[in-house]
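S.K.: Structure: entry.csv, CSV, C-alpha atoms and all ligand atoms.
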```csv
chain,number,residue,atom,x,y,z
A,20,MET,CA,-8.5,-9.5,-49.6
A,21,MET,CA,-5.4,-8.3,-47.7
A,22,LYS,CA,-5.1,-4.7,-46.8
A,23,LYS,CA,-3.1,-2.8,-49.4
A,24,TYR,CA,0.4,-1.7,-48.6
A,25,ASP,CA,1.0,2.0,-48.5
A,26,TYR,CA,4.2,1.6,-50.6
A,27,LEU,CA,5.6,-1.0,-52.9
A,28,ILE,CA,9.3,-0.3,-53.0
A,29,VAL,CA,11.2,-1.7,-55.9
A,30,GLY,CA,14.9,-2.1,-55.1
A,31,ALA,CA,16.3,-2.9,-51.7
A,32,GLY,CA,19.3,-0.6,-52.1
A,33,LEU,CA,20.0,2.4,-49.8
A,34,PHE,CA,17.3,4.5,-51.4
A,35,GLY,CA,14.6,1.9,-51.0
A,36,CYS,CA,15.7,0.8,-47.5
A,37,VAL,CA,15.9,4.4,-46.1
A,38,LEU,CA,12.4,5.1,-47.4
A,39,ALA,CA,11.1,1.8,-46.1
A,40,TYR,CA,12.5,2.7,-42.7
A,41,ARG,CA,11.0,6.2,-42.7
A,42,ALA,CA,7.6,5.0,-43.9
A,43,LYS,CA,7.5,2.4,-41.1
A,44,GLN,CA,8.4,5.2,-38.6
A,45,ALA,CA,5.5,7.2,-40.0
A,46,GLY,CA,3.2,4.2,-39.4
A,47,LYS,CA,2.9,3.2,-43.0
A,48,ARG,CA,3.2,-0.4,-44.4
A,49,CYS,CA,5.7,-1.3,-47.1
A,50,LEU,CA,6.6,-4.2,-49.2
A,51,VAL,CA,10.2,-4.1,-50.5
A,52,ILE,CA,11.1,-6.3,-53.4
A,53,ASP,CA,14.4,-6.9,-55.1
A,54,LYS,CA,15.4,-9.2,-57.9
A,55,ARG,CA,18.6,-10.2,-56.2
A,56,PRO,CA,18.7,-13.0,-53.6
A,57,HIS,CA,19.8,-10.5,-50.9
A,58,ALA,CA,18.9,-7.0,-49.8
A,59,GLY,CA,21.3,-4.0,-49.8
A,60,GLY,CA,21.9,-3.4,-53.4
A,61,ASN,CA,25.6,-2.7,-54.1
A,62,ILE,CA,26.5,-2.1,-50.5
A,63,TYR,CA,25.8,-5.8,-49.7
A,64,CYS,CA,28.8,-7.6,-48.2
A,65,GLU,CA,29.7,-11.3,-48.2
A,66,THR,CA,31.7,-12.6,-45.2
A,67,ILE,CA,34.8,-14.6,-46.3
A,68,GLU,CA,37.4,-15.7,-43.7
A,69,GLY,CA,35.7,-13.4,-41.2
A,70,ILE,CA,36.2,-10.4,-43.5
A,71,ASN,CA,33.3,-8.4,-44.9
A,72,VAL,CA,33.9,-8.4,-48.6
A,73,HIS,CA,32.4,-5.6,-50.6
A,74,LYS,CA,30.9,-7.8,-53.3
A,75,TYR,CA,29.8,-5.0,-55.6
A,76,GLY,CA,32.8,-2.8,-55.2
A,77,ALA,CA,34.3,-0.7,-52.4
A,78,HIS,CA,31.9,1.6,-50.6
A,79,ILE,CA,33.1,4.3,-48.3
A,80,PHE,CA,30.6,6.5,-46.6
A,81,HIS,CA,31.4,10.2,-46.5
A,82,THR,CA,29.4,13.3,-46.0
A,83,SER,CA,29.4,16.8,-44.6
A,84,ASN,CA,25.7,16.7,-43.9
A,85,LYS,CA,25.2,16.2,-40.2
A,86,MET,CA,21.6,15.1,-40.6
A,87,VAL,CA,22.7,12.3,-43.0
A,88,TRP,CA,25.6,11.3,-40.7
A,89,ASP,CA,23.4,11.2,-37.6
A,90,PHE,CA,20.7,9.3,-39.4
A,91,VAL,CA,23.0,6.4,-40.5
A,92,ASN,CA,24.7,6.4,-37.1
A,93,SER,CA,21.4,6.0,-35.4
A,94,ILE,CA,21.0,2.7,-37.3
A,95,VAL,CA,24.6,1.5,-36.8
A,96,GLU,CA,27.7,3.2,-35.4
A,97,PHE,CA,30.4,4.0,-37.9
A,98,ASN,CA,34.2,3.3,-37.5
A,99,ARG,CA,37.0,5.8,-38.1
A,100,TYR,CA,38.1,4.4,-41.5
A,101,THR,CA,39.6,7.2,-43.7
A,102,ASN,CA,40.1,6.5,-47.4
A,103,SER,CA,43.7,7.2,-48.4
A,104,PRO,CA,44.2,5.3,-51.6
A,105,MET,CA,47.6,4.7,-53.1
A,106,ALA,CA,48.4,4.8,-56.9
A,107,ASN,CA,50.8,2.3,-58.4
A,108,TYR,CA,52.3,3.5,-61.6
A,109,GLN,CA,54.9,1.2,-63.2
A,110,GLY,CA,55.9,-0.1,-59.8
A,111,ARG,CA,56.2,3.2,-58.0
A,112,LEU,CA,53.7,4.3,-55.4
A,113,TYR,CA,52.1,7.7,-55.1
A,114,ASN,CA,49.7,9.1,-52.6
A,115,LEU,CA,46.2,10.2,-53.6
A,116,PRO,CA,44.4,12.5,-53.8
A,117,PHE,CA,47.0,14.9,-55.3
A,118,ASN,CA,48.7,16.5,-52.4
A,119,MET,CA,52.2,17.5,-51.1
A,120,ASN,CA,53.1,13.8,-50.6
A,121,THR,CA,52.3,13.2,-54.3
A,122,PHE,CA,54.3,16.2,-55.4
A,123,TYR,CA,57.3,15.0,-53.3
A,124,GLN,CA,57.1,11.6,-54.8
A,125,MET,CA,56.7,13.0,-58.3
A,126,TRP,CA,59.2,15.8,-58.3
A,127,GLY,CA,61.1,15.7,-55.0
A,128,VAL,CA,59.8,19.0,-53.9
A,129,THR,CA,59.4,19.5,-50.1
A,130,THR,CA,57.6,22.8,-49.7
A,131,PRO,CA,54.3,24.1,-51.0
A,132,ALA,CA,56.1,27.0,-52.7
A,133,GLN,CA,58.3,24.6,-54.7
A,134,ALA,CA,55.3,22.5,-55.7
A,135,GLU,CA,53.3,25.6,-56.7
A,136,ALA,CA,56.2,26.7,-58.9
A,137,ILE,CA,56.2,23.4,-60.9
A,138,LEU,CA,52.4,23.3,-61.1
A,139,ALA,CA,52.3,26.9,-62.3
A,140,GLU,CA,54.9,26.1,-65.0
A,141,GLN,CA,53.0,23.0,-66.2
A,142,ARG,CA,49.6,24.8,-66.1
A,143,MET,CA,51.1,27.7,-68.2
A,144,ASP,CA,52.1,25.2,-70.9
A,145,VAL,CA,48.6,23.8,-71.0
A,146,GLN,CA,46.9,27.3,-71.1
A,147,LYS,CA,49.1,28.2,-74.0
A,148,GLN,CA,48.0,25.2,-76.0
A,149,MET,CA,44.3,25.9,-75.1
A,150,HIS,CA,44.7,29.6,-76.2
A,151,GLY,CA,42.8,30.7,-73.0
A,152,ARG,CA,39.5,28.9,-73.7
A,153,GLU,CA,37.6,26.9,-71.1
A,154,PRO,CA,38.4,23.2,-70.7
A,155,GLN,CA,36.1,21.2,-73.0
A,156,ASN,CA,36.8,17.7,-71.7
A,157,LEU,CA,38.4,15.7,-68.9
A,158,GLU,CA,41.8,15.7,-70.5
A,159,GLU,CA,41.9,19.5,-70.7
A,160,GLN,CA,40.4,19.9,-67.3
A,161,ALA,CA,42.9,17.5,-65.7
A,162,ARG,CA,45.9,19.0,-67.3
A,163,LEU,CA,44.8,22.5,-66.3
A,164,LEU,CA,44.2,21.4,-62.8
A,165,ILE,CA,47.3,19.4,-62.1
A,166,GLY,CA,49.7,19.6,-65.0
A,167,ASN,CA,50.9,17.1,-67.5
A,168,ASP,CA,53.2,14.9,-65.4
A,169,ILE,CA,50.4,13.9,-63.0
A,170,TYR,CA,47.9,13.7,-65.8
A,171,GLU,CA,50.1,11.2,-67.8
A,172,LYS,CA,51.1,9.0,-64.8
A,173,LEU,CA,48.1,9.1,-62.4
A,174,ILE,CA,45.0,10.1,-64.4
A,175,LYS,CA,45.1,9.2,-68.1
A,176,GLY,CA,45.5,5.4,-67.9
A,177,TYR,CA,43.2,4.9,-64.9
A,178,THR,CA,40.4,7.1,-66.3
A,179,GLU,CA,40.5,5.5,-69.8
A,180,LYS,CA,40.4,2.0,-68.2
A,181,GLN,CA,37.5,3.0,-65.9
A,182,TRP,CA,35.4,4.6,-68.6
A,183,GLY,CA,36.5,2.8,-71.7
A,184,ARG,CA,36.7,6.1,-73.4
A,185,LYS,CA,39.5,8.6,-74.2
A,186,CYS,CA,39.9,11.4,-71.7
A,187,SER,CA,39.3,13.8,-74.5
A,188,ASN,CA,35.8,12.3,-74.9
A,189,LEU,CA,34.8,12.4,-71.3
A,190,PRO,CA,33.0,15.2,-69.4
A,191,ALA,CA,35.3,17.5,-67.3
A,192,PHE,CA,33.1,17.1,-64.1
A,193,ILE,CA,34.3,13.5,-63.4
A,194,ILE,CA,37.8,14.8,-62.4
A,195,LYS,CA,36.4,17.5,-60.2
A,196,ARG,CA,35.7,14.8,-57.6
A,197,LEU,CA,39.4,14.8,-56.8
A,198,PRO,CA,40.8,17.4,-54.5
A,199,VAL,CA,44.2,19.1,-55.1
A,200,ARG,CA,45.9,20.0,-51.8
A,201,MET,CA,49.0,21.9,-51.0
A,202,THR,CA,49.2,20.1,-47.6
A,203,PHE,CA,50.4,16.6,-46.6
A,204,ASP,CA,46.9,15.3,-46.3
A,205,ASN,CA,46.1,11.9,-47.9
A,206,ASN,CA,42.4,11.9,-47.0
A,207,TYR,CA,40.6,11.2,-50.3
A,208,PHE,CA,37.6,13.2,-49.2
A,209,ASN,CA,37.1,16.7,-48.0
A,210,ASP,CA,34.0,15.7,-46.0
A,211,ARG,CA,33.6,16.3,-42.3
A,212,PHE,CA,32.3,12.7,-41.6
A,213,GLN,CA,33.6,9.4,-43.0
A,214,GLY,CA,33.6,5.7,-42.0
A,215,ILE,CA,32.3,2.2,-42.5
A,216,PRO,CA,29.5,0.7,-40.4
A,217,ILE,CA,30.9,-1.2,-37.4
A,218,GLY,CA,30.2,-4.9,-38.3
A,219,GLY,CA,29.7,-4.1,-42.0
A,220,TYR,CA,27.2,-2.6,-44.3
A,221,ASN,CA,24.8,-5.5,-43.9
A,222,LYS,CA,24.1,-4.2,-40.4
A,223,LEU,CA,23.0,-0.9,-41.8
A,224,ILE,CA,20.6,-2.6,-44.2
A,225,ASP,CA,19.3,-5.1,-41.6
A,226,GLY,CA,18.7,-2.1,-39.3
A,227,LEU,CA,16.8,-0.2,-41.9
A,228,LEU,CA,14.7,-3.2,-42.9
A,229,ASP,CA,13.9,-4.4,-39.4
A,230,GLY,CA,10.2,-5.4,-39.3
A,231,ILE,CA,9.5,-4.6,-42.9
A,232,ASP,CA,8.1,-7.1,-45.4
A,233,ILE,CA,10.6,-8.1,-48.1
A,234,LYS,CA,10.4,-10.3,-51.1
A,235,LEU,CA,13.7,-11.3,-52.7
A,236,ASN,CA,14.4,-12.9,-56.1
A,237,CYS,CA,11.4,-10.9,-57.3
A,238,ASN,CA,11.8,-8.9,-60.5
A,239,PHE,CA,9.2,-6.2,-60.6
A,240,PHE,CA,8.7,-6.4,-64.4
A,241,ASP,CA,8.1,-10.2,-64.2
A,242,GLU,CA,5.5,-10.1,-61.5
A,243,TYR,CA,3.8,-6.7,-61.6
A,244,SER,CA,2.4,-4.6,-64.3
A,245,LEU,CA,1.9,-0.9,-64.9
A,246,GLN,CA,-1.3,-1.6,-66.8
A,247,GLU,CA,-4.7,-1.6,-65.0
A,248,LYS,CA,-5.6,-4.8,-66.8
A,249,PRO,CA,-2.5,-6.8,-67.3
A,250,ASP,CA,-2.2,-9.8,-69.5
A,251,ASP,CA,-0.3,-13.0,-68.6
A,252,ASN,CA,0.0,-13.9,-65.0
A,253,LYS,CA,1.0,-10.5,-63.7
A,254,ILE,CA,-0.9,-8.2,-61.4
A,255,CYS,CA,-1.2,-4.4,-61.6
A,256,TRP,CA,1.0,-3.0,-58.8
A,257,HIS,CA,-1.9,-0.7,-57.8
A,258,GLU,CA,-3.7,-3.8,-56.6
A,259,ILE,CA,-1.2,-4.3,-53.8
A,260,ALA,CA,-0.1,-0.8,-52.9
A,261,HIS,CA,-1.2,2.9,-53.0
A,262,LYS,CA,2.1,4.2,-54.1
A,263,LEU,CA,5.2,2.9,-55.9
A,264,ILE,CA,8.8,3.8,-55.1
A,265,TYR,CA,11.0,2.8,-58.0
A,266,SER,CA,14.8,2.8,-57.8
A,267,GLY,CA,15.6,0.6,-60.8
A,268,PRO,CA,16.9,1.7,-64.2
A,269,ILE,CA,14.7,4.5,-65.5
A,270,ASP,CA,14.9,3.4,-69.1
A,271,GLU,CA,13.7,-0.1,-68.2
A,272,PHE,CA,10.7,1.4,-66.3
A,273,PHE,CA,9.5,3.0,-69.5
A,274,GLY,CA,10.1,0.0,-71.6
A,275,TYR,CA,13.2,1.5,-73.3
A,276,ARG,CA,10.9,3.5,-75.5
A,277,TYR,CA,13.5,6.1,-76.4
A,278,GLY,CA,16.4,3.6,-76.4
A,279,GLU,CA,18.8,2.2,-73.9
A,280,LEU,CA,21.0,4.2,-71.6
A,281,ARG,CA,24.7,3.2,-71.3
A,282,TYR,CA,26.5,2.2,-68.2
A,283,ARG,CA,29.9,1.0,-67.1
A,284,THR,CA,30.0,-2.2,-65.2
A,285,VAL,CA,32.7,-3.6,-63.0
A,286,SER,CA,33.7,-7.2,-62.4
A,287,PHE,CA,35.9,-8.6,-59.6
A,288,GLU,CA,38.4,-11.3,-59.4
A,289,THR,CA,38.3,-12.1,-55.7
A,290,THR,CA,41.0,-14.3,-54.1
A,291,ILE,CA,41.9,-15.4,-50.5
A,292,GLU,CA,45.6,-14.8,-49.8
A,293,ASP,CA,47.5,-16.6,-47.2
A,294,THR,CA,48.9,-13.5,-45.5
A,295,PRO,CA,47.4,-11.2,-42.9
A,296,ASN,CA,48.4,-8.1,-44.9
A,297,TYR,CA,48.7,-8.2,-48.6
A,298,GLN,CA,49.1,-4.5,-49.7
A,299,GLY,CA,48.9,-2.5,-46.5
A,300,ASN,CA,46.0,-0.4,-47.6
A,301,ALA,CA,42.3,-0.9,-48.6
A,302,VAL,CA,42.7,0.6,-52.0
A,303,VAL,CA,45.6,0.6,-54.5
A,304,ASN,CA,44.9,2.0,-57.9
A,305,TYR,CA,46.9,0.8,-60.9
A,306,THR,CA,47.1,3.8,-63.1
A,307,ASP,CA,49.2,2.3,-65.9
A,308,ARG,CA,47.1,1.6,-69.1
A,309,GLU,CA,48.9,-1.7,-69.6
A,310,ILE,CA,47.7,-3.3,-66.4
A,311,PRO,CA,44.2,-4.6,-67.2
A,312,PHE,CA,42.5,-4.0,-63.8
A,313,THR,CA,41.9,-0.5,-62.3
A,314,ARG,CA,42.5,-1.3,-58.6
A,315,ILE,CA,43.0,-3.9,-56.0
A,316,ILE,CA,40.8,-3.7,-52.9
A,317,GLU,CA,42.0,-5.4,-49.7
A,318,HIS,CA,38.7,-5.6,-47.8
A,319,LYS,CA,39.9,-6.2,-44.2
A,320,HIS,CA,41.5,-2.7,-44.1
A,321,PHE,CA,38.0,-1.1,-44.1
A,322,GLU,CA,37.2,-2.6,-40.7
A,323,MET,CA,40.4,-4.0,-39.1
A,324,PHE,CA,43.1,-1.7,-37.7
A,325,GLY,CA,46.3,-2.2,-35.7
A,326,SER,CA,46.7,-5.7,-34.2
A,327,ASP,CA,43.2,-6.8,-35.3
A,328,LEU,CA,44.7,-7.1,-38.8
A,329,TYR,CA,47.1,-9.8,-37.6
A,330,ASN,CA,44.5,-11.6,-35.5
A,331,CYS,CA,42.9,-12.5,-38.8
A,332,PRO,CA,45.5,-14.7,-40.5
A,333,LYS,CA,44.3,-14.4,-44.1
A,334,THR,CA,43.1,-11.7,-46.3
A,335,VAL,CA,40.7,-11.3,-49.2
A,336,ILE,CA,41.6,-9.1,-52.2
A,337,SER,CA,39.6,-8.1,-55.3
A,338,ARG,CA,41.0,-7.0,-58.6
A,339,GLU,CA,38.6,-4.7,-60.2
A,340,TYR,CA,38.0,-4.6,-64.0
A,341,SER,CA,35.9,-2.1,-65.7
A,342,THR,CA,33.9,-2.9,-68.9
A,343,GLU,CA,31.1,-1.5,-71.0
A,344,TRP,CA,27.7,-2.7,-69.8
A,345,GLN,CA,25.8,-5.2,-71.9
A,346,PRO,CA,22.2,-6.3,-71.3
A,347,GLY,CA,22.1,-8.9,-68.6
A,348,MET,CA,25.0,-7.4,-66.7
A,349,GLU,CA,24.7,-5.3,-63.5
A,350,PRO,CA,24.6,-1.6,-64.4
A,351,TYR,CA,27.1,0.4,-62.2
A,352,TYR,CA,28.2,3.8,-63.3
A,353,PRO,CA,25.9,5.9,-65.6
A,354,VAL,CA,27.9,7.2,-68.6
A,355,ASN,CA,27.1,10.9,-68.2
A,356,ASP,CA,28.3,12.0,-71.6
A,357,ALA,CA,26.1,14.5,-73.6
A,358,ASP,CA,24.2,11.8,-75.6
A,359,ASN,CA,23.3,9.7,-72.5
A,360,ASN,CA,22.3,12.8,-70.5
A,361,GLU,CA,20.0,13.9,-73.2
A,362,LEU,CA,18.3,10.5,-73.3
A,363,ALA,CA,18.1,10.4,-69.5
A,364,ASP,CA,16.4,13.8,-69.6
A,365,LYS,CA,13.7,12.5,-71.8
A,366,TYR,CA,13.0,9.7,-69.4
A,367,ARG,CA,13.1,12.1,-66.5
A,368,GLN,CA,10.4,14.1,-68.1
A,369,LEU,CA,8.2,11.0,-68.4
A,370,ALA,CA,8.9,10.2,-64.7
A,371,ALA,CA,7.9,13.8,-63.7
A,372,LEU,CA,4.4,13.1,-65.1
A,373,GLU,CA,3.7,10.2,-62.8
A,374,THR,CA,1.7,11.2,-59.7
A,375,ASP,CA,1.8,8.2,-57.5
A,376,ILE,CA,5.3,6.9,-58.3
A,377,ILE,CA,8.4,8.2,-56.6
A,378,PHE,CA,11.7,7.7,-58.6
A,379,GLY,CA,15.1,8.0,-56.9
A,380,GLY,CA,18.6,6.6,-56.4
A,381,ARG,CA,21.4,6.1,-58.8
A,382,LEU,CA,19.6,4.0,-61.4
A,383,ALA,CA,16.3,5.8,-61.5
A,384,ASP,CA,18.0,9.2,-61.6
A,385,TYR,CA,20.8,8.0,-63.9
A,386,ARG,CA,23.4,10.0,-61.8
A,387,TYR,CA,26.8,9.3,-60.5
A,388,TYR,CA,25.8,9.3,-56.8
A,389,ASP,CA,27.9,8.5,-53.8
A,390,MET,CA,25.9,6.9,-50.9
A,391,ALA,CA,25.3,10.0,-48.8
A,392,PRO,CA,23.5,11.9,-51.5
A,393,VAL,CA,21.2,8.9,-51.9
A,394,VAL,CA,20.4,8.9,-48.2
A,395,GLU,CA,19.9,12.6,-48.2
A,396,GLN,CA,17.5,12.3,-51.1
A,397,ALA,CA,15.5,9.6,-49.3
A,398,LEU,CA,15.4,11.6,-46.1
A,399,ASN,CA,14.0,14.6,-47.9
A,400,ILE,CA,11.1,12.9,-49.7
A,401,GLN,CA,7.8,13.5,-48.1
A,402,ILE,CA,6.4,10.2,-46.9
A,501,LIG,N1,41.0,9.2,-61.0
A,501,LIG,C1,42.2,9.1,-61.6
A,501,LIG,N2,43.2,8.4,-61.0
A,501,LIG,C2,43.1,7.8,-59.8
A,501,LIG,C3,41.8,7.9,-59.2
A,501,LIG,C4,40.8,8.6,-59.8
A,501,LIG,O1,42.4,9.7,-62.7
A,501,LIG,O2,44.0,7.1,-59.4
A,501,LIG,C5,39.9,10.0,-61.6
A,501,LIG,C6,39.3,9.2,-62.8
A,501,LIG,O3,39.0,10.1,-63.8
A,501,LIG,C7,38.1,8.6,-62.2
A,501,LIG,C8,37.6,9.7,-61.2
A,501,LIG,O4,38.9,10.2,-60.8
A,501,LIG,O5,37.1,8.3,-63.2
A,501,LIG,C9,36.9,9.1,-60.0
A,501,LIG,O6,37.5,8.0,-59.5
A,501,LIG,P1,37.2,7.3,-58.1
A,501,LIG,O7,38.1,6.2,-58.0
A,501,LIG,O8,37.1,8.3,-57.0
A,501,LIG,O9,35.7,6.8,-58.4
A,501,LIG,P2,34.8,5.7,-57.7
A,501,LIG,O10,34.8,4.5,-58.6
A,501,LIG,O11,35.5,5.4,-56.4
A,501,LIG,O12,33.5,6.3,-57.5
```
Please render this file's structure as structure tokens.
Ligand code: UDP
M.R.:
Amino acid sequence: MMKKYDYLIVGAGLFGCVLAYRAKQAGKRCLVIDKRPHAGGNIYCETIEGINVHKYGAHIFHTSNKMVWDFVNSIVEFNRYTNSPMANYQGRLYNLPFNMNTFYQMWGVTTPAQAEAILAEQRMDVQKQMHGREPQNLEEQARLLIGNDIYEKLIKGYTEKQWGRKCSNLPAFIIKRLPVRMTFDNNYFNDRFQGIPIGGYNKLIDGLLDGIDIKLNCNFFDEYSLQEKPDDNKICWHEIAHKLIYSGPIDEFFGYRYGELRYRTVSFETTIEDTPNYQGNAVVNYTDREIPFTRIIEHKHFEMFGSDLYNCPKTVISREYSTEWQPGMEPYYPVNDADNNELADKYRQLAALETDIIFGGRLADYRYYDMAPVVEQALNIQI
């Protein structure tokens, strides 16, 4: 009988891959399994026309945590990409996040004092309507933060398309992701470090998984069992490993015993365009409710700058559509409304009772994580 692995790692996304790497560094043996035909989870890229296409949606690495930044850069160096998305509302372009450029485009104001005056006026109207109480939902939070004009043109339609719910039925925290700046600064993130791996995200994944056993097209629930004596042709996971690391959906792990958690899923219409530069930016959001997609991603801008852009004669773009998740689809964003959070808490309590199983990552935690917090979580787990 083969020697047991120290860890069976379910899910070859960032969480699983970072743990596999660390376990190997610590002299432990791991088997990583993933139900998809490739590793990397949602950061996996496919090369089309020499361009790394973010197959599962745009990923931009950003963090203020030097330990996290140094760690990922020790695997692959990162480029200087800075996310500065544009918003297209009814054919007019606005800079994001909300900053002096946006205020100039929206109101023609040229100084912070002029912009502050308009914002103060608009906020006052909202405060009056709310009679001084705390914002209860995303709509109230957004209007209080940035006033009605920007809410109506740049937030309402985009948010309702992305979440499939009215802004008045969404939690306020979602909008707190977005900075509001009184400077001409179009950097979407406030973090100290930001970039894309040079050569693409697959380099990061390959570097993390170097020398580690991996089994693709392998669904944990089809091949392994949580029972000591499984029926059918499954084997108990304990027979092959001492510990289990699980990064899949937490409700699935517990057999949906309390019910299913909801997600939003995204789908992409990806096309090759016969021009070296289609929209001049990696990300253009379409904030009008009437346009069915939320954004267009032009992938080459993540990794090609200056003349490199024109050395590659074609471009690949993806129109992104957001829909409610149905069984069989890929789960993307957890729907962190009150009902779903309550259900997730019940599953988290079950997870906390498991002694030789480590849960983590976006799906097992049911949290809206960016990449860096996932890496940080994986770096902090005792191996
Ligand atoms: N948002 C918005 N308008 C925009 C971009 C973002 O209102 O043009 C809001 C919206 O509520 C959205 C949230 O900010 O749900 C986060 O959006 P982002 O695009 O940053 O999320 P990602 O999908 O990139 O994680």
S.K.: Name the closest residue to ligand LIG 501 (chain A) among the candidates A:Glu309, A:Glu339, A:Asp229, A:Asp241; distances are taken between atoms, counting all atoms listed in the file.
M.R.: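 Smallest distance to ligand LIG 501 (chain A) is found for A:Glu339.
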S.K.: Which is closer to Tyr24 (chain A) than all the others in A:Glu349, A:Glu258, A:Glu279, A:Glu96, using all atoms listed in the file?
M.R.: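 Of the candidates, the smallest distance to Tyr24 (chain A) is held by A:Glu258.
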S.K.: Counting all atoms listed in the file, what is within 9 Å of Glu322 (chain A), bar same-chain residues fewer than 5 positions away, as a PDB file with C-alpha atoms, in the frame of the given file?
M.R.:
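After the write, out.pdb holds the following:
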```pdb
ATOM      1  CA  ILE A  70      36.200 -10.400 -43.500  1.00  0.00           C
ATOM      2  CA  ASN A  71      33.300  -8.400 -44.900  1.00  0.00           C
ATOM      3  CA  ASN A  98      34.200   3.300 -37.500  1.00  0.00           C
ATOM      4  CA  ARG A  99      37.000   5.800 -38.100  1.00  0.00           C
ATOM      5  CA  TYR A 100      38.100   4.400 -41.500  1.00  0.00           C
ATOM      6  CA  ILE A 215      32.300   2.200 -42.500  1.00  0.00           C
ATOM      7  CA  PRO A 216      29.500   0.700 -40.400  1.00  0.00           C
ATOM      8  CA  ILE A 217      30.900  -1.200 -37.400  1.00  0.00           C
ATOM      9  CA  GLY A 218      30.200  -4.900 -38.300  1.00  0.00           C
ATOM     10  CA  GLY A 219      29.700  -4.100 -42.000  1.00  0.00           C
ATOM     11  CA  LEU A 328      44.700  -7.100 -38.800  1.00  0.00           C
TER      12      LEU A 328
END
```
S.K.: For Tyr220 (chain A), which of A:Ile376, A:Val302, A:Cys49, A:Ile94 is the closest residue, counting only C-alpha atoms?
M.R.: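 Checking each candidate against Tyr220 (chain A), we get A:Ile94 as the closest.
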S.K.: For ligand LIG 501 (chain A), collect every residue having any atom at a distance of at most 6 Å from a ligand atom (counting only C-alpha atoms and all ligand atoms); output as a list of chain:residue names.
M.R.: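 If we count only C-alpha atoms and all ligand atoms, the neighbours of ligand LIG 501 (chain A) turn out to be A:Ala106, A:Leu173, A:Ile174, A:Tyr177, A:Thr178, A:Gln181, A:Ile193, A:Ile194, A:Asn304, A:Thr306.
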S.K.: Here is a test: counting all atoms listed in the file, which residue of A:Leu163, A:Ile233, A:Leu157, A:Leu115 is nearest to Arg55 (chain A)?
M.R.: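 The shortest atom-to-atom distance to Arg55 (chain A) comes from A:Ile233.
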S.K.: Considering all atoms listed in the file, return as an MDAnalysis selection string whatever protein or nucleic-acid residues lie within 7 Å of Thr82 (chain A), sequence-local ones (same chain, fewer than 6 positions apart) excluded.
M.R.: chainID A and resid 88 210:213 391
S.K.: Limited to C-alpha atoms, could you put the picked residues into a file as a compact mmCIF listing (two decimals), in the coordinates of the input?
M.R.:
```txt
# COMPACT_ATOMS: atom_id res chain seq x y z
CA TRP A 88 25.60 11.30 -40.70
CA ASP A 210 34.00 15.70 -46.00
CA ARG A 211 33.60 16.30 -42.30
CA PHE A 212 32.30 12.70 -41.60
CA GLN A 213 33.60 9.40 -43.00
CA ALA A 391 25.30 10.00 -48.80
```
S.K.: Counting all atoms listed in the file, find residues at most 8 Å from (0.3, -4.2, -52.4) (file frame) and give them as an MDAnalysis selection string.
M.R.: chainID A and resid 22:27 50 256:261
S.K.: Between CA of Pro131 (chain A) and CA of Phe203 (chain A), what is the distance, to one decimal in Å?
M.R.: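 Separation of CA of Pro131 (chain A) and CA of Phe203 (chain A): 9.5 Å.
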